[in-house]
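Chemist: Sharing coords_5.csv below, CSV, C-alpha atoms:
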chain,number,residue,atom,x,y,z
A,1,MET,CA,-29.8,39.9,23.9
A,2,PRO,CA,-31.0,39.7,20.3
A,3,VAL,CA,-31.1,36.3,18.6
A,4,GLN,CA,-30.1,37.0,14.9
A,5,LYS,CA,-29.7,34.8,11.8
A,6,GLN,CA,-27.8,36.5,9.0
A,7,GLY,CA,-28.6,39.9,10.4
A,8,ARG,CA,-32.3,39.1,10.8
A,9,LEU,CA,-33.9,39.2,14.2
A,10,VAL,CA,-35.5,35.8,15.0
A,11,GLY,CA,-35.9,36.1,18.8
A,12,VAL,CA,-34.7,37.6,22.0
A,13,LEU,CA,-32.6,35.8,24.7
A,14,TYR,CA,-33.7,37.3,28.1
A,15,LEU,CA,-31.9,36.6,31.3
A,16,GLU,CA,-32.4,38.4,34.7
A,17,ASN,CA,-30.5,38.3,38.0
A,18,ARG,CA,-31.5,40.7,40.8
A,19,ARG,CA,-29.7,38.9,43.6
A,20,VAL,CA,-26.0,39.3,42.8
A,21,ASP,CA,-24.3,42.4,41.3
A,22,GLY,CA,-22.0,42.1,38.4
A,23,VAL,CA,-23.1,38.5,37.5
A,24,PHE,CA,-22.9,39.2,33.8
A,25,THR,CA,-19.2,39.5,33.3
A,26,PRO,CA,-17.6,40.0,29.9
A,27,ASP,CA,-16.7,36.2,29.7
A,28,ARG,CA,-20.3,35.3,30.5
A,29,GLU,CA,-21.6,37.7,28.0
A,30,ARG,CA,-19.4,36.1,25.3
A,31,VAL,CA,-20.9,32.7,26.3
A,32,LEU,CA,-24.4,34.2,26.0
A,33,ARG,CA,-23.6,35.5,22.6
A,34,ILE,CA,-22.5,32.0,21.5
A,35,LEU,CA,-25.7,30.6,23.0
A,36,SER,CA,-27.6,33.3,21.1
A,37,ALA,CA,-26.0,32.3,17.8
A,38,GLN,CA,-26.8,28.6,18.4
A,39,ALA,CA,-30.4,29.4,19.4
A,40,ALA,CA,-30.7,31.3,16.1
A,41,ILE,CA,-29.5,28.3,14.1
A,42,SER,CA,-31.9,26.0,16.1
A,43,LEU,CA,-34.9,28.3,15.5
A,44,GLU,CA,-34.1,28.6,11.8
A,45,ASN,CA,-33.8,24.8,11.4
A,46,ALA,CA,-37.1,24.3,13.3
A,47,ARG,CA,-38.7,26.7,10.9
A,48,LEU,CA,-37.3,25.0,7.8
A,49,PHE,CA,-38.2,21.6,9.2
A,50,THR,CA,-41.8,22.6,9.8
A,51,GLY,CA,-42.0,24.0,6.3
A,52,GLN,CA,-40.7,20.7,4.9
A,53,ARG,CA,-43.1,18.7,6.9
A,54,ARG,CA,-45.9,20.9,5.7
A,55,GLU,CA,-44.8,20.4,2.1
A,56,ILE,CA,-44.6,16.6,2.5
A,57,ALA,CA,-48.1,16.6,3.8
A,58,GLU,CA,-49.3,18.6,0.8
A,59,ARG,CA,-47.5,16.1,-1.5
A,60,GLU,CA,-49.2,13.2,0.3
A,61,ARG,CA,-52.6,14.9,-0.2
A,62,ALA,CA,-51.8,15.3,-3.9
A,63,GLN,CA,-51.0,11.6,-4.1
A,64,MET,CA,-54.3,10.8,-2.6
A,65,GLN,CA,-56.0,13.1,-5.1
A,66,LEU,CA,-54.1,11.4,-7.9
A,67,ALA,CA,-55.4,8.0,-6.7
A,68,ALA,CA,-58.9,9.3,-6.5
A,69,ALA,CA,-58.7,10.8,-10.0
A,70,LEU,CA,-57.4,7.5,-11.4
A,71,ALA,CA,-60.2,5.7,-9.6
A,72,ASP,CA,-62.8,8.1,-11.1
A,73,VAL,CA,-61.4,7.6,-14.6
A,74,GLN,CA,-61.6,3.8,-14.1
A,75,GLN,CA,-65.2,3.9,-12.8
A,76,THR,CA,-66.4,6.3,-15.6
A,77,ALA,CA,-64.8,4.3,-18.4
A,78,ARG,CA,-65.9,0.9,-17.0
A,79,ARG,CA,-69.4,1.5,-18.3
A,80,SER,CA,-68.0,1.7,-21.9
A,81,ARG,CA,-64.5,0.2,-22.1
A,82,GLY,CA,-63.7,-0.9,-18.6
A,83,GLY,CA,-61.1,-3.6,-19.5
A,84,GLU,CA,-58.8,-1.1,-21.3
A,85,THR,CA,-59.0,1.4,-18.5
A,86,ARG,CA,-58.2,-1.2,-15.9
A,87,THR,CA,-55.2,-2.3,-17.8
A,88,LEU,CA,-54.1,1.3,-18.2
A,89,ARG,CA,-54.5,2.1,-14.5
A,90,ARG,CA,-52.7,-1.1,-13.5
A,91,ASP,CA,-49.7,-0.4,-15.7
A,92,LEU,CA,-49.7,3.3,-14.6
A,93,ILE,CA,-49.5,2.4,-10.9
A,94,ALA,CA,-47.0,-0.4,-11.5
A,95,ASN,CA,-44.6,1.8,-13.5
A,96,VAL,CA,-44.8,4.9,-11.4
A,97,SER,CA,-44.6,3.3,-7.9
A,98,HIS,CA,-40.8,3.4,-7.9
A,99,ASP,CA,-40.7,7.0,-9.1
A,100,LEU,CA,-43.1,8.1,-6.4
A,101,ARG,CA,-41.4,6.1,-3.7
A,102,THR,CA,-37.8,7.2,-4.4
A,103,PRO,CA,-38.3,11.0,-3.7
A,104,LEU,CA,-40.6,10.3,-0.7
A,105,VAL,CA,-38.0,8.0,0.9
A,106,SER,CA,-35.3,10.5,0.3
A,107,ILE,CA,-37.2,13.4,1.7
A,108,ARG,CA,-38.2,11.4,4.8
A,109,GLY,CA,-34.6,10.2,5.3
A,110,TYR,CA,-33.1,13.6,5.2
A,111,LEU,CA,-35.7,15.2,7.5
A,112,GLU,CA,-35.3,12.4,10.0
A,113,VAL,CA,-31.6,13.0,10.2
A,114,LEU,CA,-32.3,16.7,10.6
A,115,ALA,CA,-34.8,16.0,13.3
A,116,THR,CA,-32.7,13.6,15.3
A,117,LYS,CA,-29.1,14.8,14.7
A,118,GLY,CA,-29.6,18.4,13.5
A,119,ASP,CA,-27.8,19.8,16.5
A,120,THR,CA,-24.7,17.7,15.7
A,121,LEU,CA,-24.4,18.8,12.1
A,122,ASP,CA,-22.6,21.9,11.0
A,123,ALA,CA,-24.4,24.6,9.0
A,124,THR,CA,-23.1,23.4,5.6
A,125,GLN,CA,-24.4,19.8,6.3
A,126,ARG,CA,-27.8,21.1,7.4
A,127,ARG,CA,-28.1,23.3,4.3
A,128,ASN,CA,-27.1,20.4,2.0
A,129,TYR,CA,-29.7,18.1,3.6
A,130,LEU,CA,-32.4,20.7,3.3
A,131,ASP,CA,-31.5,21.5,-0.3
A,132,THR,CA,-31.6,17.8,-1.2
A,133,ALA,CA,-35.0,17.4,0.5
A,134,VAL,CA,-36.3,20.5,-1.4
A,135,ARG,CA,-35.1,19.1,-4.8
A,136,GLN,CA,-36.7,15.8,-4.1
A,137,SER,CA,-39.9,17.5,-3.2
A,138,GLU,CA,-39.9,19.5,-6.4
A,139,ARG,CA,-39.3,16.3,-8.4
A,140,LEU,CA,-42.2,14.6,-6.6
A,141,GLY,CA,-44.5,17.6,-7.4
A,142,THR,CA,-43.5,17.5,-11.1
A,143,LEU,CA,-44.2,13.8,-11.3
A,144,ILE,CA,-47.6,14.1,-9.7
A,145,ASP,CA,-48.5,17.0,-12.0
A,146,GLU,CA,-47.6,15.0,-15.0
A,147,LEU,CA,-49.5,12.0,-13.8
A,148,PHE,CA,-52.6,14.1,-13.4
A,149,GLU,CA,-52.1,15.5,-16.9
A,150,LEU,CA,-51.6,12.1,-18.4
A,151,ALA,CA,-54.6,10.6,-16.6
A,152,LYS,CA,-56.8,13.5,-17.9
A,153,LEU,CA,-55.5,13.1,-21.5
A,154,ASP,CA,-56.2,9.3,-21.3
A,155,PHE,CA,-59.8,9.9,-20.3
A,156,LYS,CA,-62.0,8.8,-23.3
A,157,GLY,CA,-64.4,11.7,-22.8
A,158,ILE,CA,-61.9,14.5,-23.2
A,159,THR,CA,-62.9,17.2,-25.6
A,160,LEU,CA,-60.4,19.4,-27.4
A,161,GLN,CA,-61.0,23.2,-27.3
A,162,ARG,CA,-60.1,23.6,-31.0
A,163,GLU,CA,-59.8,27.0,-32.6
A,164,PRO,CA,-57.9,28.6,-35.5
A,165,LEU,CA,-54.3,29.0,-34.3
A,166,HIS,CA,-51.2,30.7,-35.7
A,167,LEU,CA,-48.4,28.3,-34.7
A,168,GLY,CA,-45.8,31.0,-35.5
A,169,ASP,CA,-47.2,33.3,-32.8
A,170,LEU,CA,-47.4,30.5,-30.3
A,171,ALA,CA,-43.9,29.3,-31.0
A,172,SER,CA,-42.6,32.9,-30.6
A,173,ASP,CA,-44.3,33.1,-27.2
A,174,VAL,CA,-42.8,29.8,-26.0
A,175,ARG,CA,-39.4,30.8,-27.3
A,176,GLN,CA,-39.6,34.0,-25.2
A,177,LYS,CA,-40.6,31.9,-22.2
A,178,PHE,CA,-37.4,29.8,-22.6
A,179,GLN,CA,-35.1,32.6,-23.6
A,180,LEU,CA,-33.6,33.3,-20.2
A,181,ILE,CA,-33.1,29.6,-19.6
A,182,ALA,CA,-31.2,29.3,-22.9
A,183,GLU,CA,-29.1,32.3,-22.2
A,184,GLY,CA,-28.2,30.9,-18.7
A,185,ARG,CA,-27.0,27.7,-20.3
A,186,ARG,CA,-25.3,29.6,-23.1
A,187,VAL,CA,-27.4,27.9,-25.8
A,188,ALA,CA,-28.7,29.7,-28.8
A,189,LEU,CA,-32.4,29.3,-29.2
A,190,ARG,CA,-33.5,30.2,-32.7
A,191,LEU,CA,-36.9,30.4,-34.4
A,192,ALA,CA,-37.6,30.3,-38.2
A,193,VAL,CA,-41.2,30.7,-39.4
A,194,ASP,CA,-42.3,30.7,-43.1
A,195,ALA,CA,-43.9,33.9,-44.3
A,196,ALA,CA,-47.7,33.8,-44.6
A,197,LEU,CA,-47.9,30.6,-42.5
A,198,PRO,CA,-51.6,29.3,-42.6
A,199,LEU,CA,-53.7,28.8,-39.5
A,200,VAL,CA,-54.1,25.3,-38.0
A,201,ASP,CA,-57.1,23.9,-36.1
A,202,ALA,CA,-55.9,23.0,-32.7
A,203,ASP,CA,-56.2,23.3,-28.9
A,204,VAL,CA,-54.0,26.2,-28.0
A,205,GLY,CA,-53.2,25.1,-24.4
A,206,LEU,CA,-52.3,21.5,-25.4
A,207,ILE,CA,-50.2,22.5,-28.3
A,208,GLU,CA,-48.4,25.0,-26.1
A,209,ARG,CA,-47.6,22.0,-23.8
A,210,VAL,CA,-46.1,20.2,-26.8
A,211,PHE,CA,-43.8,23.2,-27.6
A,212,ASP,CA,-42.9,23.4,-23.9
A,213,ASN,CA,-41.9,19.7,-23.7
A,214,LEU,CA,-39.9,19.6,-27.0
A,215,ILE,CA,-38.1,22.9,-26.5
A,216,GLY,CA,-37.5,22.2,-22.8
A,217,ASN,CA,-36.0,18.7,-23.6
A,218,ALA,CA,-33.8,20.1,-26.3
A,219,LEU,CA,-32.3,22.7,-24.0
A,220,LYS,CA,-31.7,20.1,-21.3
A,221,TYR,CA,-29.7,17.9,-23.6
A,222,THR,CA,-27.8,20.6,-25.5
A,223,PRO,CA,-24.3,21.5,-24.1
A,224,GLU,CA,-23.0,25.0,-23.5
A,225,GLY,CA,-22.3,26.7,-26.8
A,226,GLY,CA,-24.8,24.6,-28.6
A,227,GLN,CA,-28.0,25.6,-30.4
A,228,VAL,CA,-31.7,24.7,-30.5
A,229,ASP,CA,-33.6,25.5,-33.7
A,230,VAL,CA,-37.4,25.7,-34.0
A,231,GLY,CA,-38.8,25.7,-37.5
A,232,LEU,CA,-42.3,26.0,-38.9
A,233,ALA,CA,-43.2,25.5,-42.6
A,234,ALA,CA,-46.4,24.7,-44.6
A,235,ALA,CA,-46.6,21.9,-47.1
A,236,ASP,CA,-49.4,19.9,-48.6
A,237,GLY,CA,-52.2,21.1,-46.4
A,238,VAL,CA,-50.3,20.8,-43.1
A,239,VAL,CA,-47.9,22.9,-41.0
A,240,TRP,CA,-44.7,21.1,-40.0
A,241,VAL,CA,-43.0,22.0,-36.8
A,242,SER,CA,-39.4,20.9,-36.1
A,243,VAL,CA,-37.4,21.2,-32.9
A,244,SER,CA,-33.8,20.2,-33.4
A,245,ASP,CA,-30.6,20.4,-31.3
A,246,ASN,CA,-26.9,19.6,-31.6
A,247,GLY,CA,-26.9,17.8,-28.2
A,248,ILE,CA,-25.9,14.3,-27.1
A,249,GLY,CA,-28.4,12.5,-29.4
A,250,ILE,CA,-30.4,9.3,-28.8
A,251,ALA,CA,-29.1,5.8,-29.4
A,252,PRO,CA,-30.7,4.0,-32.4
A,253,THR,CA,-31.9,1.2,-30.1
A,254,ASP,CA,-33.8,3.8,-28.0
A,255,LEU,CA,-35.5,5.7,-30.8
A,256,PRO,CA,-38.5,3.3,-31.2
A,257,HIS,CA,-39.3,3.7,-27.4
A,258,VAL,CA,-38.8,7.4,-26.8
A,259,PHE,CA,-42.6,8.0,-26.7
A,260,ASP,CA,-43.3,5.0,-24.4
A,261,ARG,CA,-44.5,5.9,-20.9
A,262,PHE,CA,-41.8,5.7,-18.2
A,263,TYR,CA,-39.2,4.6,-20.7
A,264,ARG,CA,-35.7,5.5,-19.6
A,265,ALA,CA,-32.8,4.9,-21.9
A,266,ALA,CA,-29.7,3.3,-20.5
A,267,GLY,CA,-27.2,5.6,-22.3
A,268,GLU,CA,-25.7,9.0,-21.8
A,269,ARG,CA,-28.9,11.0,-22.7
A,270,SER,CA,-30.9,9.3,-20.0
A,271,GLN,CA,-28.3,9.8,-17.3
A,272,ALA,CA,-27.9,13.5,-18.1
A,273,MET,CA,-31.2,14.5,-16.6
A,274,PRO,CA,-33.5,12.8,-14.0
A,275,GLY,CA,-37.2,12.2,-14.9
A,276,ALA,CA,-39.9,9.7,-15.0
A,277,GLY,CA,-40.2,9.5,-18.8
A,278,LEU,CA,-43.6,11.1,-19.1
A,279,GLY,CA,-42.9,14.3,-21.0
A,280,LEU,CA,-42.7,12.8,-24.5
A,281,ALA,CA,-45.6,10.4,-23.7
A,282,ILE,CA,-47.7,13.4,-22.9
A,283,THR,CA,-46.6,15.1,-26.1
A,284,LYS,CA,-47.5,12.1,-28.3
A,285,ARG,CA,-50.9,11.7,-26.5
A,286,ILE,CA,-51.7,15.3,-27.2
A,287,LEU,CA,-50.8,15.0,-30.9
A,288,ASP,CA,-52.8,11.7,-31.1
A,289,LEU,CA,-55.8,13.6,-29.9
A,290,HIS,CA,-55.2,16.0,-32.8
A,291,ASP,CA,-54.9,13.1,-35.3
A,292,ALA,CA,-51.3,14.3,-35.8
A,293,ARG,CA,-48.2,12.3,-36.0
A,294,ILE,CA,-44.7,13.0,-34.5
A,295,GLU,CA,-41.4,11.5,-35.5
A,296,VAL,CA,-37.9,11.7,-34.2
A,297,LEU,CA,-34.5,11.6,-36.0
A,298,SER,CA,-31.2,11.4,-34.2
A,299,GLN,CA,-27.5,11.2,-34.9
A,300,PRO,CA,-24.6,10.8,-32.6
A,301,ARG,CA,-24.7,14.5,-32.1
A,302,GLY,CA,-28.1,16.0,-32.4
A,303,THR,CA,-31.8,15.2,-32.3
A,304,CYS,CA,-34.8,16.5,-34.3
A,305,PHE,CA,-38.5,16.0,-33.3
A,306,ARG,CA,-41.0,16.8,-36.1
A,307,PHE,CA,-44.8,16.9,-36.0
A,308,CYS,CA,-47.5,18.4,-38.3
A,309,LEU,CA,-51.0,19.8,-37.8
A,310,ALA,CA,-53.7,20.1,-40.4
A,311,VAL,CA,-54.3,23.5,-41.9
A,312,CYS,CA,-57.6,25.1,-40.7
A,313,SER,CA,-60.3,25.5,-43.3
A,314,ARG,CA,-61.2,28.9,-41.8
A,315,GLN,CA,-58.3,31.2,-42.6
A,316,ALA,CA,-58.4,34.7,-41.3
Translate this file's structure into structure tokens.

Modeler:
Amino acid sequence: MPVQKQGRLVGVLYLENRRVDGVFTPDRERVLRILSAQAAISLENARLFTGQRREIAERERAQMQLAAALADVQQTARRSRGGETRTLRRDLIANVSHDLRTPLVSIRGYLEVLATKGDTLDATQRRNYLDTAVRQSERLGTLIDELFELAKLDFKGITLQREPLHLGDLASDVRQKFQLIAEGRRVALRLAVDAALPLVDADVGLIERVFDNLIGNALKYTPEGGQVDVGLAAADGVVWVSVSDNGIGIAPTDLPHVFDRFYRAAGERSQAMPGAGLGLAITKRILDLHDARIEVLSQPRGTCFRFCLAVCSRQA
């Protein structure tokens, strides 16, 4: 008898009786079909559970790599400015410990329930538990990736790969990347670029990360039917970039701290989306490395982030 899950063959239930004729009556066949369906569910849960255990192991390895990377940064910088790096690492670990622990505890809790009580849960409960574990795993992966990135940017020996860059072209590429997300949220994502925009001298990959962070944040906090505007204009030897939205805004008391690491505001904006508070810290660190400044303006409805980069002396 085939063991199927949503029309997909996952196994075969084989029974044999050569001693008694007619042992497999219609009633018994119905029981076997029920057992076959339950076996399919159990096999699928086992497969999902194994996959989640494998992913947790991968995340734990990533945590170990993170700890090793931070230790390497500390050891390298100790020869020059060891005290500063020790303070940075201590604060980093202290602030992030809760953010790492929370998704790990959640993942472990849901998987333990599935492992011990999976057979007593209905299909909807099992799916909800697995979906929650997957979301927490994704959150953990994002946090670890951002920690790696921030640790790398804080390394004193980092070298920017500067080159002449047309910010309008880069902004257009990033806008295209977020277009489907904006359409899915029914948010208008608009780009305005001055004609004959001069080139700037910057690291393409890092500045793309800045655009990603600012546009991604704006889309997160803009309600359905709203708009996000990206503008680029040249003035006084620099190119100004602005990313503005008509979303929920930032409280005046929170504005001085939005670029602080791990800072989470207590208001509506913070509660709207989960996160560890690293995206804007990464953005500011990248711009600091470019000797550029960034500022934020916010009203009860709407926020605007602005930064500028120096015009490149080598224009095409």

Chemist: Give me the residues within 9 Å of range 198-212 of chain A as a PyMOL selection string, counting only C-alpha atoms and dropping any in the same chain fewer than 2 places off.

Modeler: chain A and resi 160-167+170-171+174-175+177-178+196+214-217+234+238-239+243+279-280+282-284+286-287+290+309-316

Chemist: Using all atoms listed in the file, which of A:Gln179, A:Thr142, A:Ser298, A:Thr303 sits nearest Thr222 in chain A?

Modeler: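 Nearest to Thr222 in chain A: A:Thr303.
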
Chemist: Determine the nearest neighbour of Asp154 in chain A from the options A:Asp288, A:Leu297, A:Asn17, A:Arg126, counting all atoms listed in the file.

Modeler: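 Looking only at the distances to Asp154 in chain A, the closest residue turns out to be A:Asp288.
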
Chemist: I'd like the interatomic distance between CA of Ile250 in chain A and CA of Arg306 in chain A, to a tenth of an Å.

Modeler: 14.9 Å

Chemist: Rounded to one decimal place, report the CA of Ala195 in chain A-CA of Val296 in chain A distance in Å.

Modeler: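 Going from CA of Ala195 in chain A over to CA of Val296 in chain A, I get 25.1 Å.
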
Chemist: Write out as a list of chain:residue names which residues come within 8 Å of Tyr129 in chain A when counting all atoms listed in the file, dropping same-chain ones fewer than 3 positions away.

Modeler: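 Returned residues: A:Tyr110, A:Leu111, A:Leu114, A:Gln125, A:Arg126, A:Thr132, A:Ala133.
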
Chemist: What is the distance, in Å and to one decimal place, between CA of Gln136 in chain A and CA of Ile107 in chain A?

Modeler: 6.3 Å

Chemist: When distances are computed from all atoms listed in the file, which of A:Cys304, A:Ala192, A:Val31, A:Ala281 shows the smallest separation from Ala151 in chain A?

Modeler: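 Using all atoms listed in the file, Ala151 in chain A sits closest to A:Ala281.
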